[in-house]
Structure formats: C-alpha cells, structure tokens
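Q: Dropping in entry.txt, with compact mmCIF, C-alpha atoms.
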```txt
# COMPACT_ATOMS: atom_id res chain seq x y z
CA MET A 1 21.09 20.56 32.95
CA ILE A 2 18.98 23.37 31.50
CA ASP A 3 16.25 24.70 33.80
CA LEU A 4 12.97 25.32 31.96
CA ARG A 5 12.83 28.75 33.62
CA GLN A 6 16.02 29.69 31.77
CA LEU A 7 14.37 28.94 28.45
CA ILE A 8 11.19 30.75 29.48
CA ALA A 9 13.23 33.84 30.45
CA LEU A 10 15.17 33.82 27.17
CA ARG A 11 12.01 33.41 25.12
CA ALA A 12 10.34 36.29 26.95
CA VAL A 13 13.32 38.60 26.33
CA GLN A 14 13.29 37.73 22.65
CA ARG A 15 9.56 38.48 22.44
CA GLU A 16 9.59 41.64 24.56
CA GLY A 17 12.95 43.09 23.51
CA SER A 18 14.32 43.77 27.00
CA VAL A 19 14.87 42.06 30.33
CA THR A 20 12.66 44.59 32.11
CA ARG A 21 9.69 44.07 29.79
CA ALA A 22 10.24 40.29 29.87
CA GLY A 23 9.95 40.42 33.67
CA ARG A 24 6.68 42.32 33.45
CA ALA A 25 5.26 39.87 30.90
CA LEU A 26 6.18 36.90 33.05
CA GLY A 27 5.21 38.48 36.36
CA TRP A 28 8.80 38.08 37.54
CA SER A 29 11.17 40.69 38.91
CA GLN A 30 13.99 41.90 36.67
CA PRO A 31 16.65 40.35 38.97
CA THR A 32 14.85 36.98 38.69
CA VAL A 33 14.94 37.11 34.88
CA ASP A 34 18.61 38.15 34.99
CA TYR A 35 19.41 35.35 37.45
CA HIS A 36 18.07 32.64 35.12
CA LEU A 37 19.75 34.15 32.06
CA ARG A 38 23.13 34.42 33.80
CA ASN A 39 22.86 30.79 34.94
CA LEU A 40 22.07 29.74 31.36
CA GLU A 41 25.12 31.64 30.08
CA ARG A 42 27.33 29.99 32.71
CA LEU A 43 25.99 26.59 31.72
CA ILE A 44 26.68 27.20 28.01
CA GLY A 45 29.90 29.14 28.49
CA SER A 46 28.81 31.91 26.12
CA PRO A 47 26.47 34.95 26.17
CA VAL A 48 22.93 34.32 24.97
CA LEU A 49 21.97 38.02 24.81
CA GLU A 50 23.38 41.17 23.24
CA ARG A 51 22.57 43.85 25.81
CA SER A 52 22.44 47.58 25.08
CA THR A 53 20.66 50.71 26.30
CA ARG A 54 18.04 50.09 23.59
CA GLY A 55 17.22 46.61 24.85
CA SER A 56 18.39 43.03 24.48
CA THR A 57 18.43 40.61 21.55
CA PRO A 58 19.60 36.99 21.36
CA THR A 59 23.12 36.25 20.17
CA PRO A 60 23.59 33.53 17.52
CA VAL A 61 24.07 31.10 20.42
CA GLY A 62 20.87 32.43 22.00
CA VAL A 63 18.98 31.95 18.72
CA LEU A 64 20.14 28.32 18.59
CA VAL A 65 19.06 27.74 22.21
CA LEU A 66 15.67 29.34 21.47
CA ASP A 67 15.19 27.18 18.40
CA ARG A 68 15.76 23.97 20.39
CA GLY A 69 14.14 25.43 23.48
CA GLU A 70 10.80 26.07 21.78
CA GLU A 71 10.48 22.34 21.11
CA ILE A 72 11.34 21.54 24.73
CA LEU A 73 8.85 24.07 26.11
CA THR A 74 6.11 22.91 23.74
CA LEU A 75 6.63 19.27 24.75
CA SER A 76 6.72 20.25 28.40
CA ASP A 77 3.44 22.16 28.11
CA ARG A 78 1.87 19.26 26.19
CA ALA A 79 3.04 16.71 28.77
CA LEU A 80 1.57 18.76 31.63
CA ARG A 81 -1.72 19.33 29.80
CA ASP A 82 -2.03 15.69 28.80
CA ALA A 83 -1.33 14.51 32.35
CA ARG A 84 -3.97 16.88 33.74
CA ASP A 85 -6.49 15.84 31.09
CA LEU A 86 -5.87 12.16 31.70
CA ALA A 87 -6.18 12.61 35.46
CA GLN A 88 -9.54 14.37 34.98
CA MET A 89 -10.84 11.97 32.33
CA GLY A 90 -11.48 9.00 34.54
CA ARG A 91 -12.65 6.32 32.12
CA ALA A 92 -13.22 7.93 28.73
CA ARG A 93 -15.25 6.34 25.95
CA LEU A 94 -13.95 6.72 22.41
CA ARG A 95 -15.98 5.93 19.29
CA PHE A 96 -13.28 4.58 16.99
CA GLY A 97 -13.76 3.56 13.36
CA THR A 98 -11.32 1.42 11.42
CA PHE A 99 -11.14 -0.50 8.15
CA PRO A 100 -11.36 -4.30 8.52
CA THR A 101 -7.78 -5.35 7.70
CA ALA A 102 -6.39 -2.94 10.30
CA ALA A 103 -8.96 -4.15 12.83
CA ALA A 104 -7.99 -7.79 12.31
CA LYS A 105 -4.28 -7.09 12.74
CA LEU A 106 -4.18 -4.26 15.28
CA LEU A 107 -7.43 -3.81 17.21
CA PRO A 108 -6.83 -6.31 20.07
CA SER A 109 -3.49 -4.70 20.92
CA ILE A 110 -4.91 -1.17 20.61
CA VAL A 111 -7.85 -1.92 22.92
CA SER A 112 -5.58 -3.55 25.50
CA GLN A 113 -3.18 -0.60 25.57
CA VAL A 114 -5.75 2.20 25.84
CA SER A 115 -7.79 0.26 28.40
CA ASP A 116 -4.80 0.50 30.74
CA LEU A 117 -5.07 4.30 30.33
CA GLY A 118 -8.75 4.43 31.23
CA ILE A 119 -10.05 4.66 27.65
CA GLU A 120 -12.84 2.36 26.49
CA ILE A 121 -13.17 1.73 22.75
CA ASP A 122 -16.46 1.43 20.88
CA ALA A 123 -15.18 0.00 17.58
CA VAL A 124 -16.92 0.50 14.23
CA LEU A 125 -15.71 -1.47 11.19
CA GLU A 126 -16.30 0.23 7.84
CA GLU A 127 -14.54 0.82 4.55
CA VAL A 128 -12.66 4.11 4.14
CA GLY A 129 -15.44 6.10 2.42
CA PRO A 130 -18.01 5.74 5.23
CA LEU A 131 -15.32 6.29 7.86
CA ILE A 132 -14.42 9.65 6.30
CA ALA A 133 -18.09 10.68 6.35
CA HIS A 134 -18.51 9.64 9.99
CA VAL A 135 -15.42 11.45 11.27
CA ASN A 136 -16.38 14.55 9.25
CA ASP A 137 -19.82 14.70 10.88
CA ARG A 138 -18.27 13.83 14.27
CA THR A 139 -20.29 10.67 14.82
CA LEU A 140 -16.85 9.12 15.35
CA ASP A 141 -14.25 10.48 17.78
CA ALA A 142 -11.44 9.05 15.67
CA ALA A 143 -11.03 6.94 12.54
CA LEU A 144 -8.22 4.95 10.99
CA LEU A 145 -8.11 5.73 7.26
CA TYR A 146 -5.67 5.33 4.41
CA SER A 147 -4.66 7.19 1.29
CA VAL A 148 -1.93 7.01 -1.34
CA PRO A 149 0.37 9.69 -2.83
CA GLY A 150 -1.58 12.18 -4.91
CA TYR A 151 -4.98 11.28 -3.43
CA GLU A 152 -6.10 13.65 -0.70
CA VAL A 153 -8.52 12.41 1.94
CA PRO A 154 -11.59 14.72 1.80
CA LEU A 155 -11.64 15.75 5.45
CA ARG A 156 -13.02 18.97 6.93
CA PRO A 157 -10.44 21.60 8.01
CA ASP A 158 -11.18 20.93 11.68
CA ILE A 159 -10.15 17.27 11.37
CA ALA A 160 -6.50 16.59 12.19
CA THR A 161 -4.59 13.61 10.81
CA THR A 162 -1.57 11.75 12.14
CA GLU A 163 0.30 9.21 10.02
CA VAL A 164 0.69 6.00 12.03
CA LEU A 165 2.04 3.72 9.30
CA ARG A 166 3.46 3.81 5.76
CA ASP A 167 2.13 0.55 4.35
CA PRO A 168 3.66 -0.82 1.10
CA LEU A 169 1.35 -2.31 -1.53
CA LEU A 170 2.37 -5.74 -2.80
CA LEU A 171 1.54 -7.44 -6.08
CA ALA A 172 -0.23 -10.74 -5.40
CA LEU A 173 0.37 -13.41 -8.05
CA PRO A 174 -0.25 -17.16 -8.45
CA GLU A 175 2.94 -19.01 -7.56
CA ASP A 176 3.34 -20.24 -11.15
CA HIS A 177 3.00 -16.77 -12.71
CA PRO A 178 5.88 -15.72 -15.03
CA LEU A 179 6.75 -12.80 -12.71
CA ALA A 180 6.52 -14.85 -9.49
CA ASP A 181 10.25 -15.60 -9.39
CA ARG A 182 11.21 -11.91 -9.33
CA ALA A 183 12.33 -10.40 -6.01
CA SER A 184 10.41 -7.21 -6.80
CA ILE A 185 8.32 -5.68 -9.58
CA ASP A 186 9.33 -2.43 -11.25
CA ARG A 187 6.82 -0.12 -12.91
CA ALA A 188 7.71 -1.32 -16.41
CA ALA A 189 7.07 -4.95 -15.45
CA LEU A 190 3.83 -4.00 -13.72
CA LEU A 191 2.55 -2.30 -16.87
CA THR A 192 3.04 -5.50 -18.87
CA LEU A 193 0.16 -6.96 -16.86
CA HIS A 194 -2.53 -4.93 -18.62
CA GLY A 195 -3.87 -8.08 -20.27
CA GLU A 196 -4.34 -9.93 -16.97
CA ARG A 197 -7.63 -10.37 -15.13
CA TRP A 198 -7.52 -8.17 -12.02
CA LEU A 199 -9.35 -8.31 -8.70
CA LEU A 200 -10.14 -4.93 -7.13
CA GLY A 201 -12.12 -3.77 -4.09
CA THR A 202 -15.85 -3.20 -4.09
CA SER A 203 -15.52 0.59 -3.81
CA ARG A 204 -14.74 2.23 -7.15
CA HIS A 205 -13.02 5.13 -5.36
CA ASP A 206 -10.68 3.14 -3.13
CA PRO A 207 -7.26 4.90 -3.19
CA MET A 208 -5.42 1.55 -3.45
CA ASP A 209 -7.27 0.69 -6.63
CA SER A 210 -7.13 4.23 -7.99
CA VAL A 211 -3.33 4.37 -7.94
CA LEU A 212 -3.22 1.12 -9.91
CA VAL A 213 -5.89 2.08 -12.46
CA ASP A 214 -4.34 5.53 -12.96
CA ALA A 215 -0.84 4.09 -13.48
CA PHE A 216 -2.16 2.00 -16.37
CA ALA A 217 -4.25 4.89 -17.71
CA GLU A 218 -1.15 7.12 -17.83
CA ALA A 219 0.47 4.48 -20.03
CA GLY A 220 -2.60 4.44 -22.29
CA ARG A 221 -3.77 1.06 -21.04
CA GLU A 222 -6.92 -0.17 -19.33
CA LEU A 223 -7.27 -2.89 -16.73
CA GLU A 224 -9.68 -5.76 -17.07
CA VAL A 225 -11.46 -5.90 -13.70
CA ALA A 226 -12.69 -9.48 -13.47
CA ILE A 227 -14.15 -9.35 -9.97
CA ARG A 228 -14.56 -6.97 -7.06
CA THR A 229 -14.47 -8.12 -3.45
CA ASP A 230 -13.26 -6.91 -0.06
CA ASP A 231 -13.05 -10.46 1.34
CA PHE A 232 -9.34 -11.13 1.75
CA GLN A 233 -9.70 -14.92 1.88
CA VAL A 234 -11.80 -14.96 -1.30
CA MET A 235 -9.14 -12.83 -2.97
CA LEU A 236 -6.31 -15.19 -1.96
CA GLY A 237 -8.27 -18.25 -3.06
CA MET A 238 -8.96 -16.83 -6.51
CA ILE A 239 -5.33 -15.75 -6.97
CA ALA A 240 -4.04 -19.16 -5.85
CA ALA A 241 -6.36 -20.74 -8.42
CA GLY A 242 -4.82 -18.60 -11.16
CA MET A 243 -8.09 -16.78 -11.86
CA VAL A 244 -6.95 -13.21 -11.08
CA ILE A 245 -4.10 -11.07 -9.76
CA GLY A 246 -4.34 -8.08 -7.41
CA LEU A 247 -2.78 -5.73 -4.87
CA VAL A 248 -2.41 -6.56 -1.18
CA ALA A 249 -1.35 -4.11 1.52
CA LYS A 250 1.53 -5.41 3.63
CA LEU A 251 -0.52 -4.82 6.79
CA ALA A 252 -3.10 -7.33 5.57
CA ALA A 253 -0.55 -9.91 4.45
CA GLY A 254 0.42 -12.81 6.67
CA PRO A 255 3.71 -14.74 6.53
CA THR A 256 2.48 -17.37 4.03
CA HIS A 257 -0.41 -17.85 1.62
CA PRO A 258 -0.42 -21.26 -0.12
CA GLY A 259 -0.37 -20.86 -3.87
CA VAL A 260 0.18 -17.08 -3.73
CA VAL A 261 3.38 -15.01 -3.88
CA LEU A 262 3.54 -11.37 -2.78
CA ARG A 263 6.10 -9.12 -4.44
CA PRO A 264 7.01 -5.50 -3.52
CA ILE A 265 6.53 -2.86 -6.21
CA ASP A 266 9.52 -0.59 -6.84
CA ASP A 267 7.52 2.62 -7.07
CA PRO A 268 6.86 4.97 -4.11
CA ALA A 269 3.33 5.62 -5.42
CA PHE A 270 2.45 2.06 -4.45
CA ALA A 271 2.33 2.58 -0.69
CA ARG A 272 -0.59 3.72 1.39
CA SER A 273 -0.41 6.18 4.25
CA VAL A 274 -2.44 4.91 7.21
CA LEU A 275 -3.81 7.91 9.08
CA LEU A 276 -5.59 8.48 12.36
CA ALA A 277 -8.16 11.25 11.80
CA ALA A 278 -9.78 13.01 14.74
CA PRO A 279 -11.62 16.31 15.28
CA THR A 280 -9.55 19.11 16.79
CA GLU A 281 -10.48 20.56 20.15
CA GLY A 282 -11.66 24.14 20.64
CA GLY A 283 -9.26 26.72 19.24
CA GLY A 284 -7.79 24.21 16.78
CA GLU A 285 -5.18 23.02 19.29
CA GLY A 286 -5.18 19.49 17.93
CA PRO A 287 -6.95 16.23 18.77
CA SER A 288 -8.07 15.36 22.29
CA THR A 289 -5.73 13.71 24.77
CA ALA A 290 -7.61 10.44 24.29
CA ALA A 291 -7.09 10.60 20.50
CA ARG A 292 -3.36 11.27 20.94
CA GLN A 293 -3.12 8.30 23.32
CA LEU A 294 -4.91 6.25 20.69
CA ALA A 295 -2.38 7.27 18.00
CA ALA A 296 0.47 6.16 20.26
CA ALA A 297 -1.29 2.83 20.90
CA ILE A 298 -1.74 2.26 17.15
CA ARG A 299 1.97 2.85 16.49
CA ASN A 300 2.85 0.41 19.27
CA ALA A 301 0.41 -2.14 17.84
CA VAL A 302 2.02 -1.76 14.40
CA ALA A 303 5.49 -2.29 15.90
CA ARG A 304 4.31 -5.38 17.75
CA SER A 305 2.73 -6.83 14.61
CA GLU A 306 5.97 -6.33 12.68
CA HIS A 307 8.17 -7.70 15.49
CA PRO A 308 6.01 -10.16 17.51
CA ALA A 309 8.88 -11.33 19.69
CA ALA A 310 9.53 -7.76 20.89
CA GLY A 311 5.86 -7.35 21.91
```
Will you turn the file into structure tokens for me?

A:
Amino acid sequence: MIDLRQLIALRAVQREGSVTRAGRALGWSQPTVDYHLRNLERLIGSPVLERSTRGSTPTPVGVLVLDRGEEILTLSDRALRDARDLAQMGRARLRFGTFPTAAAKLLPSIVSQVSDLGIEIDAVLEEVGPLIAHVNDRTLDAALLYSVPGYEVPLRPDIATTEVLRDPLLLALPEDHPLADRASIDRAALLTLHGERWLLGTSRHDPMDSVLVDAFAEAGRELEVAIRTDDFQVMLGMIAAGMVIGLVAKLAAGPTHPGVVLRPIDDPAFARSVLLAAPTEGGGEGPSTAARQLAAAIRNAVARSEHPAAG
C-alpha cells in the first residue's frame, strides 16, 4: 500500500526539481526523502524519477503517480481538516433556506442526519428568488436552489455551489388528454400544445417556467398562461379537472395523482439542477465543514426518497 509520505516526497521533488531541495522544503533530510522514493519505486516496480547531476524529474510512471496522488493528498488533507473542524464545532447552528417542494420531500431526513453530526438547522422556506438574495447577502449560511440549462443563478463570486440532484421536469396532463397514452413527450409533441391553457408558477422569472416559455418562443409560439400558483395540490386538482396542463419536477411528484398523468420530456433542457449554495470561507477555500456535511446529507436524503426501502 502506498504511504502518503511517498506521495509527499515525489510531489516535493517535482516542485523543487531535486531531492536535496525537496528535503529542505519539507524539513526532511535528503536520506529520508530518498528512503520514501526508493520504497515507492520498489512498490511500483519501476523508477518514478529521472535523476541527473542537474536535478530530478518524474518519469512517465512518476507523472501518472503524481496525477493520482494529488487527488489522494487533497482528500487526505480535506479529511483531516474536516475532522478537526467538526471536533471543534461542538453543536453548530446553520441557517438553511430551501424551496418548499424540496423541504416537503427531503427536510426531515436532512435534519435527522446533520443532527447526529452536531449541526442544528434553522430552516427558512422561500421561493428561489428570495433564497438567492439571502445567500448572497449572507443572511443564510446555505440555500437549496435550482436552475435549468442556459439559465445561470445570479450568485456572488464568493458563493460556491454543489449540485446535489439532477431533477427531470415532467409534463402533467389530465388522464384523458390525447398525449396521455404516450410513454414520453418529445420536443415536437410538446410544441403542439401551444393552444392549451397552461399553469405556471407565481414568479415570472422561475427557471422552470422560463425554459418552457422560451422553447415555445423559439418556435414562434406563445403560451396561454391561464393561472399562476405555487400550490402543488391546487395545480394537481386543476389538471385533473382538465382545466390546465403544466410542468412538475420529479422531486415534487409522488407515486400517483388521481386524474393526472406525468410524462417525461425527451429534451435535456427540461431538467433542473438542484444546487446547494453556500458562502466560501476565508481565502476562497470552499464552503464550511458544516455546509459540506449538509450537502452530503441532502444527497443521502435524495437517495432515500428515490429508494425508500434502502433508507
């Protein structure tokens, strides 16, 4: 098994250009650096350095080891730093904003997981627009947002994002609709629905609605927006009654909705990227340990919601 000190020695030689200078940079003796490099070469069965009177450079094998080794060393440093941070945190309090459909599906599992790590959640439920504003002005420690391809989230440069879910958008139709018997809806079929009455969200800048409106606009067509609401149950009731059609994110959809069928759309533009946004720490090193633990908890919550028996 590779010893981390072997990778550290090889990286230092690559940076410094010689074993002697690598020893000085590391605060090790030259024989110590040589010892770890020779052990690495024995382990691999091939030289990792080209040595000459002018210095030392990695061989092709050494370059490969360094390429993989950088990832190992970075993860090792991160693991040590996270463990130290978590040990010093005690019980941390995290102001966490999320949009309502994610809260309904994921929040109980998220809170349970991070509580075991000593993190208490103060949850704020808002639509995406206000959440972006709050995380930008740092009144939130982290926020769960979403966007779609081609629509950038207007976050400050010191806000880092991590994708926690790629969430398909589904076409919601009354069960007696002419397209309801299709297994999926392609873009051409979707564009035939320009004469339908549509239900969209209350925000006129919601990325989910924008991708739909823009798809029709590109085809020279305009949607008839019959009603706007963010109430999921109201939306389902109106669709079941044959009054409107609309888009539903898979995360929000349950297994059955009487009177409503949900069909996938065969177009990669119709999927939202669910992102955890959090301010970076000093020096731009990335989000806090608590925020990274939160991201892991969200991914676990998503997996449990998709496979309940495994949770």

Q: Enclose the full set of atoms of stretch 33-41 of chain A listed in the file within a box whose edges lie along x, y and z, apply 6 Å of padding to each of the six sides, and report centre and edge lengths in Å to one decimal as JSON.

A:
```
{"center_x": 20.0, "center_y": 33.9, "center_z": 33.8, "size_x": 22.2, "size_y": 20.4, "size_z": 19.4}
```

Q: Near stretch 201-208 of chain A, within 6 Å and counting only C-alpha atoms, which residues show up once chain neighbours fewer than 2 positions away are dropped, as a list in words?

A: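 Final neighbour list, sorted by chain and number: Ser147, Ser210, Val211, Arg228, Thr229 and Asp230 of chain A.
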
Q: Hey, which of A:Asp116, A:Ile110, A:Gln30, A:Ala240 ends up closest to A:Val261? Count only C-alpha atoms.

A: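 Among A:Asp116, A:Ile110, A:Gln30, A:Ala240, it is A:Ala240 that comes nearest to A:Val261.
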
Q: Measuring atom to atom with only C-alpha atoms, identify which of A:Gly97, A:Gly286, A:Gly23, A:Pro279 is nearest to A:Arg156.

A: A:Pro279

Q: Kindly give the distance, in Å, that separates atom CA of A:Asp34 and atom CA of A:Leu4, rounded to a single decimal.

A: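 Interatomic distance, atom CA of A:Asp34 to atom CA of A:Leu4: 14.3 Å.
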
Q: If you count all atoms listed in the file, which residues fall within 8 Å of A:Asp186, apart from same-chain ones fewer than 6 positions away, as JSON, numbers by chain?

A: {"A": [265, 266, 267]}

Q: Export, as an mmCIF file, in the coordinates of the input, the selected residues with C-alpha atoms.

A:
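Here's the written file part-v3.cif:
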```cif
data_model
loop_
_atom_site.group_PDB
_atom_site.id
_atom_site.type_symbol
_atom_site.label_atom_id
_atom_site.label_comp_id
_atom_site.auth_asym_id
_atom_site.auth_seq_id
_atom_site.Cartn_x
_atom_site.Cartn_y
_atom_site.Cartn_z
ATOM 1 C CA ILE A 265 6.530 -2.860 -6.210
ATOM 2 C CA ASP A 266 9.520 -0.590 -6.840
ATOM 3 C CA ASP A 267 7.520 2.620 -7.070
#
```

Q: For the atom pair atom CA of A:Thr59 and atom CA of A:Ser29, what is the interatomic distance in Å to one decimal place?

A: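 Straight-line distance from atom CA of A:Thr59 to atom CA of A:Ser29 works out to 22.7 Å.
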
Q: In Å, how far is it from atom CA of A:Leu37 to atom CA of A:Val61?

A: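 Result for atom CA of A:Leu37 versus atom CA of A:Val61: 12.8 Å, one decimal.
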
Q: Mind checking which residues fall within 12 Å of A:Gln293, counting all atoms listed in the file, ignoring those fewer than 2 positions away in the same chain, and posting them as an MDAnalysis selection string?

A: chainID A and resid 79 82:83 85:86 92 94 110:111 113:120 142 162 276 278 287:291 295:300

Q: Put those residues in a file: C-alpha atoms, as an mmCIF file, in the frame of the given file.

A:
```
data_model
loop_
_atom_site.group_PDB
_atom_site.id
_atom_site.type_symbol
_atom_site.label_atom_id
_atom_site.label_comp_id
_atom_site.auth_asym_id
_atom_site.auth_seq_id
_atom_site.Cartn_x
_atom_site.Cartn_y
_atom_site.Cartn_z
ATOM 1 C CA ALA A 79 3.040 16.710 28.770
ATOM 2 C CA ASP A 82 -2.030 15.690 28.800
ATOM 3 C CA ALA A 83 -1.330 14.510 32.350
ATOM 4 C CA ASP A 85 -6.490 15.840 31.090
ATOM 5 C CA LEU A 86 -5.870 12.160 31.700
ATOM 6 C CA ALA A 92 -13.220 7.930 28.730
ATOM 7 C CA LEU A 94 -13.950 6.720 22.410
ATOM 8 C CA ILE A 110 -4.910 -1.170 20.610
ATOM 9 C CA VAL A 111 -7.850 -1.920 22.920
ATOM 10 C CA GLN A 113 -3.180 -0.600 25.570
ATOM 11 C CA VAL A 114 -5.750 2.200 25.840
ATOM 12 C CA SER A 115 -7.790 0.260 28.400
ATOM 13 C CA ASP A 116 -4.800 0.500 30.740
ATOM 14 C CA LEU A 117 -5.070 4.300 30.330
ATOM 15 C CA GLY A 118 -8.750 4.430 31.230
ATOM 16 C CA ILE A 119 -10.050 4.660 27.650
ATOM 17 C CA GLU A 120 -12.840 2.360 26.490
ATOM 18 C CA ALA A 142 -11.440 9.050 15.670
ATOM 19 C CA THR A 162 -1.570 11.750 12.140
ATOM 20 C CA LEU A 276 -5.590 8.480 12.360
ATOM 21 C CA ALA A 278 -9.780 13.010 14.740
ATOM 22 C CA PRO A 287 -6.950 16.230 18.770
ATOM 23 C CA SER A 288 -8.070 15.360 22.290
ATOM 24 C CA THR A 289 -5.730 13.710 24.770
ATOM 25 C CA ALA A 290 -7.610 10.440 24.290
ATOM 26 C CA ALA A 291 -7.090 10.600 20.500
ATOM 27 C CA ALA A 295 -2.380 7.270 18.000
ATOM 28 C CA ALA A 296 0.470 6.160 20.260
ATOM 29 C CA ALA A 297 -1.290 2.830 20.900
ATOM 30 C CA ILE A 298 -1.740 2.260 17.150
ATOM 31 C CA ARG A 299 1.970 2.850 16.490
ATOM 32 C CA ASN A 300 2.850 0.410 19.270
#
```

Q: Could you list, as JSON, numbers by chain, every residue within 9 Å of stretch 125-131 of chain A, counting only C-alpha atoms and ignoring same-chain residues fewer than 2 positions away?

A: {"A": [96, 97, 98, 99, 100, 103, 123, 133, 134, 135, 136, 140, 143, 144, 145, 146, 203, 205, 206]}

Q: For the selection you just gave me, I'd like the residues written to a file as a PDB file, in the coordinates of the input, keeping C-alpha atoms.

A:
```
ATOM      1  CA  PHE A  96     -13.280   4.580  16.990  1.00  0.00           C
ATOM      2  CA  GLY A  97     -13.760   3.560  13.360  1.00  0.00           C
ATOM      3  CA  THR A  98     -11.320   1.420  11.420  1.00  0.00           C
ATOM      4  CA  PHE A  99     -11.140  -0.500   8.150  1.00  0.00           C
ATOM      5  CA  PRO A 100     -11.360  -4.300   8.520  1.00  0.00           C
ATOM      6  CA  ALA A 103      -8.960  -4.150  12.830  1.00  0.00           C
ATOM      7  CA  ALA A 123     -15.180   0.000  17.580  1.00  0.00           C
ATOM      8  CA  ALA A 133     -18.090  10.680   6.350  1.00  0.00           C
ATOM      9  CA  HIS A 134     -18.510   9.640   9.990  1.00  0.00           C
ATOM     10  CA  VAL A 135     -15.420  11.450  11.270  1.00  0.00           C
ATOM     11  CA  ASN A 136     -16.380  14.550   9.250  1.00  0.00           C
ATOM     12  CA  LEU A 140     -16.850   9.120  15.350  1.00  0.00           C
ATOM     13  CA  ALA A 143     -11.030   6.940  12.540  1.00  0.00           C
ATOM     14  CA  LEU A 144      -8.220   4.950  10.990  1.00  0.00           C
ATOM     15  CA  LEU A 145      -8.110   5.730   7.260  1.00  0.00           C
ATOM     16  CA  TYR A 146      -5.670   5.330   4.410  1.00  0.00           C
ATOM     17  CA  SER A 203     -15.520   0.590  -3.810  1.00  0.00           C
ATOM     18  CA  HIS A 205     -13.020   5.130  -5.360  1.00  0.00           C
ATOM     19  CA  ASP A 206     -10.680   3.140  -3.130  1.00  0.00           C
TER      20      ASP A 206
END
```

Q: Pick the closest to A:Arg272 from A:Pro168, A:Pro60, A:Gly220, A:Pro255: which is it, counting all atoms listed in the file?

A: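 Of A:Pro168, A:Pro60, A:Gly220, A:Pro255, the one nearest A:Arg272, counting all atoms listed in the file, is A:Pro168.
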
Q: Pick out the closest residue to A:Glu218 from this set: A:Asp181, A:Leu191, A:Leu200, A:Asp176. Count all atoms listed in the file.

A: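 Ranking A:Asp181, A:Leu191, A:Leu200, A:Asp176 by distance to A:Glu218, first place goes to A:Leu191.
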
Q: Env of A:Arg166: 7 Å cut, atoms = all atoms listed in the file, seq-sep filter 3 positions within chain, self excluded. Answer as a PyMOL selection string.

A: chain A and resi 271-274
